[in-house]
file target-v2.tsv (TSV, C-alpha atoms)
chain	number	residue	atom	x	y	z
Z	1	MET	CA	-38.09	-33.47	23.61
Z	2	ARG	CA	-41.61	-34.81	23.71
Z	3	GLU	CA	-43.08	-32.10	21.50
Z	4	VAL	CA	-40.65	-32.79	18.65
Z	5	ILE	CA	-40.77	-36.61	18.59
Z	6	HIS	CA	-43.80	-36.93	16.34
Z	7	PRO	CA	-42.74	-34.34	13.75
Z	8	ILE	CA	-39.29	-36.00	13.60
Z	9	GLN	CA	-40.84	-39.42	13.01
Z	10	ARG	CA	-43.14	-38.00	10.33
Z	11	TRP	CA	-40.27	-36.31	8.46
Z	12	GLN	CA	-38.08	-39.40	8.73
Z	13	ALA	CA	-40.92	-41.53	7.36
Z	14	GLN	CA	-41.03	-39.14	4.39
Z	15	GLY	CA	-37.34	-39.85	3.83
Z	16	LYS	CA	-36.21	-36.41	4.99
Z	17	GLN	CA	-33.09	-35.72	7.01
Z	18	VAL	CA	-33.63	-34.06	10.37
Z	19	ALA	CA	-31.54	-31.75	12.53
Z	20	LEU	CA	-32.11	-31.11	16.23
Z	21	ALA	CA	-31.35	-27.82	17.99
Z	22	THR	CA	-31.03	-27.74	21.79
Z	23	VAL	CA	-30.55	-24.78	24.12
Z	24	VAL	CA	-27.34	-25.67	25.98
Z	25	LYS	CA	-26.61	-22.38	27.70
Z	26	VAL	CA	-28.75	-19.54	28.97
Z	27	TYR	CA	-27.29	-16.23	30.16
Z	28	GLY	CA	-29.54	-13.67	31.77
Z	29	SER	CA	-33.24	-13.86	31.08
Z	30	ALA	CA	-34.14	-16.05	28.14
Z	31	PRO	CA	-37.57	-17.14	26.99
Z	32	ARG	CA	-36.89	-20.89	26.91
Z	33	PRO	CA	-35.02	-22.93	29.52
Z	34	LEU	CA	-31.92	-25.10	29.20
Z	35	GLY	CA	-32.77	-28.18	27.15
Z	36	ALA	CA	-35.51	-26.53	25.07
Z	37	LYS	CA	-35.65	-28.13	21.63
Z	38	MET	CA	-36.47	-27.44	18.03
Z	39	ALA	CA	-36.40	-29.95	15.20
Z	40	ILE	CA	-35.79	-28.95	11.59
Z	41	SER	CA	-36.32	-31.02	8.45
Z	42	GLU	CA	-34.15	-30.73	5.35
Z	43	ALA	CA	-37.13	-29.08	3.69
Z	44	GLY	CA	-36.97	-26.26	6.26
Z	45	GLU	CA	-39.99	-27.37	8.30
Z	46	MET	CA	-39.75	-26.78	12.05
Z	47	ALA	CA	-41.28	-28.00	15.31
Z	48	GLY	CA	-40.72	-26.83	18.87
Z	49	SER	CA	-38.79	-23.67	19.73
Z	50	VAL	CA	-35.55	-22.50	21.27
Z	51	SER	CA	-36.40	-18.88	21.95
Z	52	GLY	CA	-40.09	-18.23	21.54
Z	53	GLY	CA	-39.63	-16.79	18.07
Z	54	CYS	CA	-36.58	-14.51	18.18
Z	55	VAL	CA	-33.93	-16.69	16.57
Z	56	GLU	CA	-35.82	-19.60	15.00
Z	57	ALA	CA	-35.27	-18.42	11.42
Z	58	ALA	CA	-31.52	-18.26	11.99
Z	59	VAL	CA	-31.54	-21.68	13.63
Z	60	ILE	CA	-33.21	-23.14	10.54
Z	61	GLN	CA	-30.36	-21.76	8.39
Z	62	GLU	CA	-27.81	-23.28	10.78
Z	63	ALA	CA	-29.64	-26.60	10.74
Z	64	LEU	CA	-29.68	-26.77	6.93
Z	65	GLU	CA	-25.94	-26.10	6.95
Z	66	VAL	CA	-25.42	-28.82	9.57
Z	67	LEU	CA	-27.38	-31.28	7.44
Z	68	ARG	CA	-25.33	-30.33	4.37
Z	69	THR	CA	-21.97	-30.80	6.11
Z	70	GLY	CA	-22.95	-33.53	8.58
Z	71	GLN	CA	-21.07	-31.59	11.28
Z	72	PRO	CA	-22.75	-30.53	14.53
Z	73	ARG	CA	-22.13	-26.96	15.68
Z	74	LEU	CA	-22.48	-24.79	18.74
Z	75	VAL	CA	-24.11	-21.47	17.91
Z	76	PRO	CA	-24.34	-18.43	20.21
Z	77	PHE	CA	-27.23	-16.00	19.88
Z	78	GLY	CA	-27.32	-12.75	21.73
Z	79	ILE	CA	-28.19	-9.12	21.45
Z	80	SER	CA	-24.60	-8.17	22.23
Z	81	ASP	CA	-23.08	-10.39	19.61
Z	82	GLN	CA	-23.71	-8.29	16.54
Z	83	ASP	CA	-20.58	-9.16	14.57
Z	84	ALA	CA	-21.49	-12.74	13.88
Z	85	TRP	CA	-25.24	-12.71	14.48
Z	86	GLU	CA	-27.68	-10.07	13.48
Z	87	VAL	CA	-30.49	-11.80	15.30
Z	88	GLY	CA	-30.96	-10.82	18.92
Z	89	LEU	CA	-33.25	-11.87	21.70
Z	90	ALA	CA	-35.95	-9.36	22.50
Z	91	CYS	CA	-35.51	-10.02	26.22
Z	92	GLY	CA	-31.81	-9.11	26.11
Z	93	GLY	CA	-30.62	-12.57	27.11
Z	94	THR	CA	-28.05	-14.69	25.36
Z	95	ILE	CA	-28.35	-18.37	24.51
Z	96	GLU	CA	-26.17	-21.05	23.00
Z	97	VAL	CA	-27.79	-23.59	20.74
Z	98	PHE	CA	-26.27	-26.95	19.79
Z	99	VAL	CA	-27.37	-28.01	16.34
Z	100	GLU	CA	-26.77	-31.60	15.21
Z	101	PRO	CA	-27.89	-34.09	12.60
Z	102	TRP	CA	-30.48	-36.30	14.29
Z	103	ASN	CA	-31.09	-39.79	13.04
Z	104	GLY	CA	-32.44	-41.23	16.27
Z	105	GLY	CA	-31.35	-44.56	14.82
Z	106	GLU	CA	-27.63	-45.22	14.35
Z	107	GLY	CA	-25.66	-42.84	16.58
Z	108	PRO	CA	-22.57	-40.99	15.46
Y	1	MET	CA	-21.30	-50.97	21.30
Y	2	SER	CA	-22.52	-53.43	18.74
Y	3	ARG	CA	-24.02	-51.96	15.60
Y	4	ASN	CA	-27.17	-53.93	16.06
Y	5	LYS	CA	-27.91	-52.28	19.37
Y	6	ARG	CA	-30.09	-49.23	19.74
Y	7	SER	CA	-28.24	-45.94	19.50
Y	8	PRO	CA	-28.15	-43.72	22.62
Y	9	ALA	CA	-30.33	-41.20	20.77
Y	10	GLN	CA	-32.93	-43.85	19.98
Y	11	ALA	CA	-32.86	-45.08	23.58
Y	12	PHE	CA	-33.53	-41.52	24.78
Y	13	VAL	CA	-36.39	-41.09	22.30
Y	14	ASP	CA	-37.88	-44.36	23.57
Y	15	ALA	CA	-37.61	-43.15	27.19
Y	16	VAL	CA	-39.28	-39.85	26.30
Y	17	ALA	CA	-42.06	-41.65	24.43
Y	18	ALA	CA	-42.62	-43.90	27.46
Y	19	ASP	CA	-42.37	-40.83	29.77
Y	20	ARG	CA	-39.53	-42.31	31.84
Y	21	LEU	CA	-36.88	-40.29	33.71
Y	22	ALA	CA	-33.66	-40.52	31.65
Y	23	ALA	CA	-30.60	-38.51	30.61
Y	24	LEU	CA	-28.74	-38.10	27.32
Y	25	ALA	CA	-25.21	-36.69	27.38
Y	26	THR	CA	-23.75	-35.21	24.18
Y	27	VAL	CA	-20.29	-33.84	23.44
Y	28	ILE	CA	-21.01	-30.28	22.25
Y	29	ARG	CA	-17.37	-29.18	21.96
Y	30	GLY	CA	-14.22	-31.24	21.56
Y	31	PRO	CA	-12.54	-33.96	19.51
Y	32	THR	CA	-15.47	-36.38	19.84
Y	33	LEU	CA	-18.10	-33.78	18.92
Y	34	GLY	CA	-21.61	-35.24	18.69
Y	35	ARG	CA	-20.90	-38.49	20.57
Y	36	LYS	CA	-23.63	-39.59	22.96
Y	37	LEU	CA	-24.14	-41.50	26.20
Y	38	PHE	CA	-27.64	-42.53	27.31
Y	39	VAL	CA	-28.16	-42.85	31.08
Y	40	PRO	CA	-31.44	-44.32	32.35
Y	41	LEU	CA	-32.50	-43.98	35.99
Y	42	GLN	CA	-32.24	-47.72	36.34
Y	43	GLY	CA	-30.15	-50.06	34.22
Y	44	GLU	CA	-26.99	-49.81	32.19
Y	45	PRO	CA	-25.82	-46.73	30.29
Y	46	LEU	CA	-25.62	-47.02	26.51
Y	47	GLY	CA	-23.06	-45.53	24.11
Y	48	THR	CA	-19.78	-43.73	24.64
Y	49	LEU	CA	-18.47	-40.17	24.49
Y	50	GLY	CA	-15.25	-41.52	23.01
Y	51	HIS	CA	-13.13	-42.31	26.05
Y	52	PRO	CA	-13.73	-44.39	29.21
Y	53	THR	CA	-12.41	-41.63	31.50
Y	54	LEU	CA	-14.78	-39.13	29.93
Y	55	ASP	CA	-17.66	-41.63	30.17
Y	56	ARG	CA	-17.00	-42.21	33.87
Y	57	ALA	CA	-16.93	-38.50	34.71
Y	58	VAL	CA	-20.07	-37.76	32.73
Y	59	LEU	CA	-21.90	-40.82	34.06
Y	60	ALA	CA	-21.48	-39.50	37.62
Y	61	ALA	CA	-22.72	-36.06	36.54
Y	62	ALA	CA	-25.65	-37.62	34.69
Y	63	ARG	CA	-26.73	-39.48	37.81
Y	64	GLU	CA	-26.66	-36.18	39.70
Y	65	ALA	CA	-28.69	-34.55	36.93
Y	66	LEU	CA	-31.25	-37.37	37.17
Y	67	THR	CA	-31.53	-36.87	40.93
Y	68	ALA	CA	-31.89	-33.11	40.51
Y	69	GLN	CA	-34.18	-33.64	37.50
Y	70	GLN	CA	-32.37	-30.73	35.82
Y	71	PRO	CA	-30.24	-30.58	32.66
Y	72	ARG	CA	-26.67	-29.34	33.00
Y	73	ARG	CA	-23.55	-28.46	31.06
Y	74	LEU	CA	-20.06	-29.38	32.15
Y	75	ALA	CA	-16.45	-29.33	30.95
Y	76	PRO	CA	-15.06	-32.65	32.17
Y	77	GLN	CA	-11.85	-32.07	30.21
Y	78	GLU	CA	-10.16	-28.88	29.12
Y	79	ASP	CA	-10.92	-29.45	25.45
Y	80	THR	CA	-14.36	-31.02	25.88
Y	81	GLU	CA	-17.78	-29.75	26.87
Y	82	VAL	CA	-20.81	-31.96	27.42
Y	83	PHE	CA	-24.50	-31.17	27.68
Y	84	ILE	CA	-26.62	-33.51	29.77
Y	85	ASP	CA	-30.26	-33.38	28.76
Y	86	VAL	CA	-32.84	-34.77	31.18
Y	87	HIS	CA	-36.33	-35.93	30.34
Y	88	VAL	CA	-38.55	-35.37	33.38
Y	89	PRO	CA	-41.85	-37.24	33.14
Y	90	ARG	CA	-45.12	-35.53	33.95
Y	91	PRO	CA	-45.26	-35.43	37.77
Y	92	THR	CA	-48.11	-36.93	39.79
Y	93	LEU	CA	-49.58	-35.39	42.94
Y	94	VAL	CA	-51.25	-37.91	45.22
Y	95	ILE	CA	-53.61	-36.17	47.62
Y	96	VAL	CA	-54.64	-38.27	50.62
Y	97	GLY	CA	-57.80	-36.70	52.00
Y	98	ALA	CA	-60.67	-35.37	49.88
Y	99	VAL	CA	-60.98	-32.38	52.22
Y	100	HIS	CA	-61.86	-28.80	51.30
Y	101	ILE	CA	-58.19	-27.82	50.77
Y	102	ALA	CA	-57.86	-30.63	48.22
Y	103	ILE	CA	-60.35	-28.96	45.85
Y	104	PRO	CA	-58.26	-25.84	45.05
Y	105	LEU	CA	-55.10	-27.95	45.39
Y	106	VAL	CA	-56.20	-30.11	42.43
Y	107	THR	CA	-56.88	-26.94	40.43
Y	108	PHE	CA	-53.46	-25.44	41.15
Y	109	ALA	CA	-51.65	-28.75	40.55
Y	110	LYS	CA	-53.33	-29.27	37.18
Y	111	THR	CA	-52.48	-25.74	36.08
Y	112	LEU	CA	-48.84	-26.45	36.97
Y	113	GLY	CA	-48.74	-29.64	34.90
Y	114	PHE	CA	-49.32	-32.32	37.52
Y	115	ARG	CA	-51.49	-35.38	37.15
Y	116	THR	CA	-53.74	-35.44	40.23
Y	117	VAL	CA	-54.96	-38.45	42.21
Y	118	VAL	CA	-57.28	-37.93	45.19
Y	119	VAL	CA	-57.66	-40.78	47.67
Y	120	ASP	CA	-59.97	-41.00	50.68
Y	121	ALA	CA	-61.85	-43.82	52.38
Y	122	ARG	CA	-64.67	-41.49	53.40
Y	123	SER	CA	-67.23	-41.39	50.60
Y	124	ALA	CA	-68.92	-38.34	52.11
Y	125	PHE	CA	-65.82	-36.30	51.25
Y	126	ALA	CA	-64.65	-38.08	48.12
Y	127	THR	CA	-67.56	-37.30	45.82
Y	128	PRO	CA	-67.30	-36.97	42.04
Y	129	GLU	CA	-69.12	-33.61	42.34
Y	130	ARG	CA	-66.33	-32.16	44.46
Y	131	PHE	CA	-63.52	-33.73	42.42
Y	132	ALA	CA	-64.70	-33.75	38.81
Y	133	HIS	CA	-61.48	-31.87	37.97
Y	134	ALA	CA	-59.13	-34.55	39.41
Y	135	ASP	CA	-57.55	-37.05	37.01
Y	136	GLU	CA	-58.44	-39.86	39.40
Y	137	LEU	CA	-60.65	-40.12	42.48
Y	138	ILE	CA	-60.24	-43.31	44.50
Y	139	ILE	CA	-62.58	-44.15	47.38
Y	140	ARG	CA	-60.60	-46.71	49.35
Y	141	TRP	CA	-58.32	-47.02	52.35
Y	142	PRO	CA	-55.41	-44.68	51.32
Y	143	ALA	CA	-52.56	-46.91	52.58
Y	144	ASP	CA	-53.87	-49.81	50.47
Y	145	VAL	CA	-54.10	-47.60	47.40
Y	146	LEU	CA	-50.58	-46.23	47.90
Y	147	ALA	CA	-49.20	-49.73	48.41
Y	148	GLU	CA	-50.44	-50.67	44.92
Y	149	MET	CA	-49.45	-47.44	43.15
Y	150	THR	CA	-46.23	-46.66	41.34
Y	151	LEU	CA	-44.68	-44.09	43.64
Y	152	ASP	CA	-41.36	-42.93	42.18
Y	153	GLU	CA	-39.03	-39.94	41.83
Y	154	THR	CA	-41.72	-38.03	39.94
Y	155	THR	CA	-44.44	-38.56	42.56
Y	156	TYR	CA	-45.45	-35.99	45.19
Y	157	VAL	CA	-47.61	-37.08	48.14
Y	158	VAL	CA	-49.62	-34.94	50.58
Y	159	THR	CA	-51.73	-36.14	53.49
Y	160	LEU	CA	-54.60	-33.83	54.45
Y	161	THR	CA	-57.25	-35.99	56.13
Y	162	HIS	CA	-56.85	-34.58	59.69
Y	163	ASP	CA	-57.26	-38.20	60.79
Y	164	GLU	CA	-54.11	-40.01	61.87
Y	165	LYS	CA	-55.72	-43.39	61.29
Y	166	LEU	CA	-55.85	-42.51	57.59
Y	167	ASP	CA	-52.77	-40.26	57.30
Y	168	ASN	CA	-50.16	-42.24	59.20
Y	169	PRO	CA	-50.41	-45.59	57.35
Y	170	ALA	CA	-50.39	-43.64	54.07
Y	171	LEU	CA	-47.24	-41.81	55.20
Y	172	VAL	CA	-45.60	-45.13	56.04
Y	173	GLU	CA	-46.26	-46.33	52.46
Y	174	ALA	CA	-44.93	-43.09	50.94
Y	175	LEU	CA	-41.81	-43.15	53.13
Y	176	ARG	CA	-40.93	-46.61	51.81
Y	177	ARG	CA	-40.62	-45.24	48.27
Y	178	PRO	CA	-38.32	-42.76	46.51
Y	179	VAL	CA	-41.08	-40.13	46.13
Y	180	ARG	CA	-39.78	-36.60	45.57
Y	181	TYR	CA	-41.97	-34.86	48.14
Y	182	ILE	CA	-44.03	-35.81	51.18
Y	183	GLY	CA	-46.06	-33.18	53.02
Y	184	ALA	CA	-48.38	-33.67	55.97
Y	185	LEU	CA	-51.04	-31.22	57.11
Y	186	GLY	CA	-51.18	-30.45	60.82
Y	187	SER	CA	-49.74	-28.20	63.50
Y	188	ARG	CA	-46.30	-28.66	65.04
Y	189	ARG	CA	-47.95	-30.41	67.97
Y	190	THR	CA	-49.83	-32.78	65.66
Y	191	HIS	CA	-46.63	-33.45	63.79
Y	192	ALA	CA	-44.71	-34.22	67.01
Y	193	ARG	CA	-47.37	-36.82	67.83
Y	194	ARG	CA	-47.13	-38.16	64.27
Y	195	VAL	CA	-43.34	-38.48	64.52
Y	196	GLU	CA	-43.78	-40.55	67.68
Y	197	ALA	CA	-46.32	-42.83	65.97
Y	198	LEU	CA	-44.07	-43.32	62.92
Y	199	ARG	CA	-41.07	-44.09	65.14
Y	200	ALA	CA	-43.18	-46.64	66.98
Y	201	ALA	CA	-44.06	-48.15	63.59
Y	202	GLY	CA	-40.33	-48.69	63.01
Y	203	ILE	CA	-39.63	-45.89	60.52
Y	204	PRO	CA	-36.03	-44.60	60.91
Y	205	PRO	CA	-35.66	-40.93	61.96
Y	206	GLU	CA	-33.86	-39.96	58.73
Y	207	GLN	CA	-36.86	-41.23	56.76
Y	208	ILE	CA	-39.34	-39.40	59.01
Y	209	ALA	CA	-37.29	-36.22	58.40
Y	210	ARG	CA	-38.34	-36.38	54.71
Y	211	ILE	CA	-41.83	-35.22	55.71
Y	212	HIS	CA	-42.53	-31.53	55.15
Y	213	ALA	CA	-44.50	-30.45	58.21
Y	214	PRO	CA	-46.09	-28.12	58.89
Y	215	ILE	CA	-46.92	-28.41	55.21
Y	216	GLY	CA	-46.42	-25.59	52.71
Y	217	LEU	CA	-44.51	-22.33	52.49
Y	218	ASP	CA	-45.48	-19.77	55.12
Y	219	LEU	CA	-47.72	-17.37	53.19
Y	220	GLY	CA	-49.63	-16.35	56.32
Y	221	GLY	CA	-52.90	-17.58	54.79
Y	222	ARG	CA	-55.83	-19.29	56.52
Y	223	SER	CA	-58.40	-20.03	53.82
Y	224	PRO	CA	-58.40	-23.44	52.07
Y	225	GLU	CA	-57.35	-21.75	48.83
Y	226	GLU	CA	-54.44	-19.97	50.51
Y	227	ILE	CA	-53.29	-23.16	52.22
Y	228	ALA	CA	-53.53	-25.04	48.92
Y	229	LEU	CA	-51.42	-22.32	47.29
Y	230	ALA	CA	-48.84	-22.59	50.10
Y	231	ILE	CA	-48.64	-26.37	49.60
Y	232	MET	CA	-48.31	-26.05	45.84
Y	233	ALA	CA	-45.66	-23.34	46.22
Y	234	GLU	CA	-43.61	-25.70	48.38
Y	235	ILE	CA	-44.03	-28.51	45.85
Y	236	VAL	CA	-42.90	-26.26	42.99
Y	237	ALA	CA	-39.84	-25.21	45.03
Y	238	VAL	CA	-38.94	-28.88	45.56
Y	239	ARG	CA	-39.58	-29.69	41.91
Y	240	ASN	CA	-37.26	-26.89	40.80
Y	241	ARG	CA	-34.55	-27.09	43.43
Y	242	GLY	CA	-34.58	-30.71	44.58
Y	243	PRO	CA	-35.78	-32.38	47.77
Y	244	GLY	CA	-33.73	-30.08	50.02
Y	245	GLY	CA	-34.85	-27.03	48.12
Y	246	SER	CA	-37.71	-25.59	50.11
Y	247	PRO	CA	-36.90	-22.82	52.54

call {"tool": "encode", "arguments": {"input": "target-v2.tsv", "output": "structure tokens"}}
result
Amino acid sequence: MREVIHPIQRWQAQGKQVALATVVKVYGSAPRPLGAKMAISEAGEMAGSVSGGCVEAAVIQEALEVLRTGQPRLVPFGISDQDAWEVGLACGGTIEVFVEPWNGGEGP
Amino acid sequence: MSRNKRSPAQAFVDAVAADRLAALATVIRGPTLGRKLFVPLQGEPLGTLGHPTLDRAVLAAAREALTAQQPRRLAPQEDTEVFIDVHVPRPTLVIVGAVHIAIPLVTFAKTLGFRTVVVDARSAFATPERFAHADELIIRWPADVLAEMTLDETTYVVTLTHDEKLDNPALVEALRRPVRYIGALGSRRTHARRVEALRAAGIPPEQIARIHAPIGLDLGGRSPEEIALAIMAEIVAVRNRGPGGSP
């Protein structure tokens, strides 16, 4: 969490909405542990990482959608899950990422 | 909760910014999707996951997660899943005894993300030349220093002086606190003598049993560097698996 606090504060100060993505499940070998975080601004800026580079671009798309709808979502990413997700993890692992609007002020 | 109060998310951000051990539970699947409960190590939880029964179940799990210092995911109800995130502050390794082993031990600990504090009353050992790489070098009676320090769930203490007059009072101070790891250098015979001395000092047996001795995982090494590696390996095992985690 620590590595994304300052970017989040900066974006919020600029009046931008922010989404937070958290790794909430890890199957097999995955590059980032449970709890790893990535913050995304409504302008598509990012800080932190959830996979070391494999799925970040897709997470940004999810985050923008979450900010548009205001609804959190649970997103699986995995090499075996080709129907819904074309992005895989190079290491062959599978992760689940929870993406939510993050205001850090008034909670939902 | 009142609207004027901090949100659970803000409380967690504050804890992270202050580098305090704390947990944040979030409903990641279910009818109350996105709801949050903040659980500090000390003090009252903040927020709700949407139902008192759910809060109670998750609060218990969050306390376990804080003790383990590991995040976790659980399904407290059939239709609901919760992720408990845990912020673990940067750990501190307190090394009592500015002996040869302490020099590589500081190096290994720093590489693994620990703040390092070296304490020894003997200024011949505790020189800035030998310990320029330590975050802090304190030349004072170790037990006095430990008595004044914050020693909490993110603190790891090792005693290495080879001198029971220095080691034992420091161990007594460490045993009074909720430190995550205590290790004491010395053979089994030395440790048996130490146990007797600590008992005589009024420390209960279950507290004395917290001491890892002989210190370190058995790597079969003899050099100071190898012993330091064995100590650090044991500390990492405890950090990852909890206080009972070392083989």

call {"tool": "residues_around", "arguments": {"input": "target-v2.tsv", "residues": "region 184-187 of chain Y", "least_positions_apart": "3", "cutoff": "10 Å", "atoms": "all atoms listed in the file", "output": "PyMOL selection string"}}
result
chain Y and resi 96+157-163+167-168+171+190-194+211-216+227+231

call {"tool": "closest_residue", "arguments": {"input": "target-v2.tsv", "among": "Z:Ile60, Z:Leu67, Z:Val4, Z:Val24", "to": "chain Y", "atoms": "only C-alpha atoms"}}
result
Z:Val24

call {"tool": "closest_atom_pairs", "arguments": {"input": "target-v2.tsv", "of": "chain Y", "to": "chain Z", "cutoff": "10 Å", "atoms": "all atoms listed in the file", "output": "tab-separated table"}}
result
residue	atom	partner	partner_atom	distance
Y:Arg3	CA	Z:Glu106	CA	7.7
Y:Asn4	CA	Z:Glu106	CA	8.9
Y:Lys5	CA	Z:Glu106	CA	8.7
Y:Arg6	CA	Z:Gly105	CA	6.9
Y:Ser7	CA	Z:Gly107	CA	5.0
Y:Pro8	CA	Z:Gly107	CA	6.6
Y:Ala9	CA	Z:Gly104	CA	5.0
Y:Gln10	CA	Z:Gly104	CA	4.6
Y:Ala11	CA	Z:Gly104	CA	8.3
Y:Phe12	CA	Z:Gly104	CA	8.6
Y:Val13	CA	Z:Gly104	CA	7.2
Y:Asp14	CA	Z:Gly104	CA	9.6
Y:Ala15	CA	Z:Arg2	CA	9.9
Y:Val16	CA	Z:Arg2	CA	6.1
Y:Ala17	CA	Z:Arg2	CA	6.9
Y:Ala18	CA	Z:Arg2	CA	9.9
Y:Asp19	CA	Z:Arg2	CA	8.6
Y:Thr26	CA	Z:Phe98	CA	9.7
Y:Val27	CA	Z:Pro72	CA	9.8
Y:Ile28	CA	Z:Leu74	CA	6.7
Y:Arg29	CA	Z:Leu74	CA	7.5
Y:Thr32	CA	Z:Pro108	CA	9.5
Y:Leu33	CA	Z:Pro72	CA	7.2
Y:Gly34	CA	Z:Pro72	CA	6.4
Y:Arg35	CA	Z:Pro108	CA	5.9
Y:Lys36	CA	Z:Gly107	CA	7.4
Y:Leu37	CA	Z:Gly107	CA	9.8
Y:Gly47	CA	Z:Gly107	CA	8.4
Y:Thr48	CA	Z:Pro108	CA	10.0
Y:Leu49	CA	Z:Pro108	CA	10.0
Y:Gln70	CA	Z:Leu34	CA	8.7
Y:Pro71	CA	Z:Gly35	CA	6.5
Y:Arg72	CA	Z:Leu34	CA	7.7
Y:Arg73	CA	Z:Val24	CA	6.9
Y:Val82	CA	Z:Val24	CA	9.2
Y:Phe83	CA	Z:Val24	CA	6.4
Y:Ile84	CA	Z:Gly35	CA	8.5
Y:Asp85	CA	Z:Gly35	CA	6.0
Y:Val86	CA	Z:Gly35	CA	7.7
Y:His87	CA	Z:Met1	CA	7.4
Y:Val88	CA	Z:Met1	CA	10.0
Y:Pro89	CA	Z:Arg2	CA	9.7

call {"tool": "atom_distance", "arguments": {"input": "target-v2.tsv", "atom1": "CA of Pro45 (chain Y)", "atom2": "CA of Val26 (chain Z)"}}
result
27.4 Å

call {"tool": "closest_residue", "arguments": {"input": "target-v2.tsv", "among": "Z:Ala39, Z:Val59, Z:Cys54, Z:Val75", "to": "Leu20 (chain Z)", "atoms": "all atoms listed in the file"}}
result
Z:Ala39

call {"tool": "residues_around", "arguments": {"input": "target-v2.tsv", "residues": "Ala174 (chain Y)", "least_positions_apart": "2", "cutoff": "9 Å", "atoms": "only C-alpha atoms", "output": "PyMOL selection string"}}
result
chain Y and resi 143+146-147+151+157+169-172+176-179+182

call {"tool": "write_last_selection", "arguments": {"input": "target-v2.tsv", "atoms": "C-alpha atoms", "output": "mmCIF file, in the frame of the given file"}}
result
data_model
loop_
_atom_site.group_PDB
_atom_site.id
_atom_site.type_symbol
_atom_site.label_atom_id
_atom_site.label_comp_id
_atom_site.auth_asym_id
_atom_site.auth_seq_id
_atom_site.Cartn_x
_atom_site.Cartn_y
_atom_site.Cartn_z
ATOM 1 C CA ALA Y 143 -52.560 -46.910 52.580
ATOM 2 C CA LEU Y 146 -50.580 -46.230 47.900
ATOM 3 C CA ALA Y 147 -49.200 -49.730 48.410
ATOM 4 C CA LEU Y 151 -44.680 -44.090 43.640
ATOM 5 C CA VAL Y 157 -47.610 -37.080 48.140
ATOM 6 C CA PRO Y 169 -50.410 -45.590 57.350
ATOM 7 C CA ALA Y 170 -50.390 -43.640 54.070
ATOM 8 C CA LEU Y 171 -47.240 -41.810 55.200
ATOM 9 C CA VAL Y 172 -45.600 -45.130 56.040
ATOM 10 C CA ARG Y 176 -40.930 -46.610 51.810
ATOM 11 C CA ARG Y 177 -40.620 -45.240 48.270
ATOM 12 C CA PRO Y 178 -38.320 -42.760 46.510
ATOM 13 C CA VAL Y 179 -41.080 -40.130 46.130
ATOM 14 C CA ILE Y 182 -44.030 -35.810 51.180
#

call {"tool": "atom_distance", "arguments": {"input": "target-v2.tsv", "atom1": "CA of Glu226 (chain Y)", "atom2": "CA of Val99 (chain Y)"}}
result
14.1 Å

call {"tool": "atom_distance", "arguments": {"input": "target-v2.tsv", "atom1": "CA of Leu41 (chain Y)", "atom2": "CA of Leu66 (chain Y)"}}
result
6.8 Å

call {"tool": "build_atoms", "arguments": {"input": "target-v2.tsv", "residues": "region 11-21 of chain Z", "atoms": "N, CA and C atoms", "output": "tab-separated table (two decimals), keeping the file's coordinate frame"}}
result
chain	number	residue	atom	x	y	z
Z	11	TRP	N	-41.23	-36.73	9.49
Z	11	TRP	CA	-40.27	-36.31	8.46
Z	11	TRP	C	-39.38	-37.48	8.05
Z	12	GLN	N	-38.95	-38.25	9.05
Z	12	GLN	CA	-38.08	-39.40	8.73
Z	12	GLN	C	-38.83	-40.41	7.86
Z	13	ALA	N	-40.11	-40.60	8.16
Z	13	ALA	CA	-40.92	-41.53	7.36
Z	13	ALA	C	-41.05	-41.04	5.92
Z	14	GLN	N	-40.96	-39.72	5.75
Z	14	GLN	CA	-41.03	-39.14	4.39
Z	14	GLN	C	-39.65	-39.15	3.72
Z	15	GLY	N	-38.68	-39.75	4.41
Z	15	GLY	CA	-37.34	-39.85	3.83
Z	15	GLY	C	-36.51	-38.60	3.96
Z	16	LYS	N	-36.96	-37.67	4.83
Z	16	LYS	CA	-36.21	-36.41	4.99
Z	16	LYS	C	-35.18	-36.53	6.10
Z	17	GLN	N	-34.06	-35.83	5.92
Z	17	GLN	CA	-33.09	-35.72	7.01
Z	17	GLN	C	-33.57	-34.70	8.03
Z	18	VAL	N	-33.15	-34.92	9.28
Z	18	VAL	CA	-33.63	-34.06	10.37
Z	18	VAL	C	-32.46	-33.56	11.20
Z	19	ALA	N	-32.52	-32.30	11.59
Z	19	ALA	CA	-31.54	-31.75	12.53
Z	19	ALA	C	-32.27	-31.39	13.81
Z	20	LEU	N	-31.53	-31.46	14.94
Z	20	LEU	CA	-32.11	-31.11	16.23
Z	20	LEU	C	-31.30	-29.98	16.85
Z	21	ALA	N	-32.01	-28.96	17.31
Z	21	ALA	CA	-31.35	-27.82	17.99
Z	21	ALA	C	-31.75	-27.83	19.46
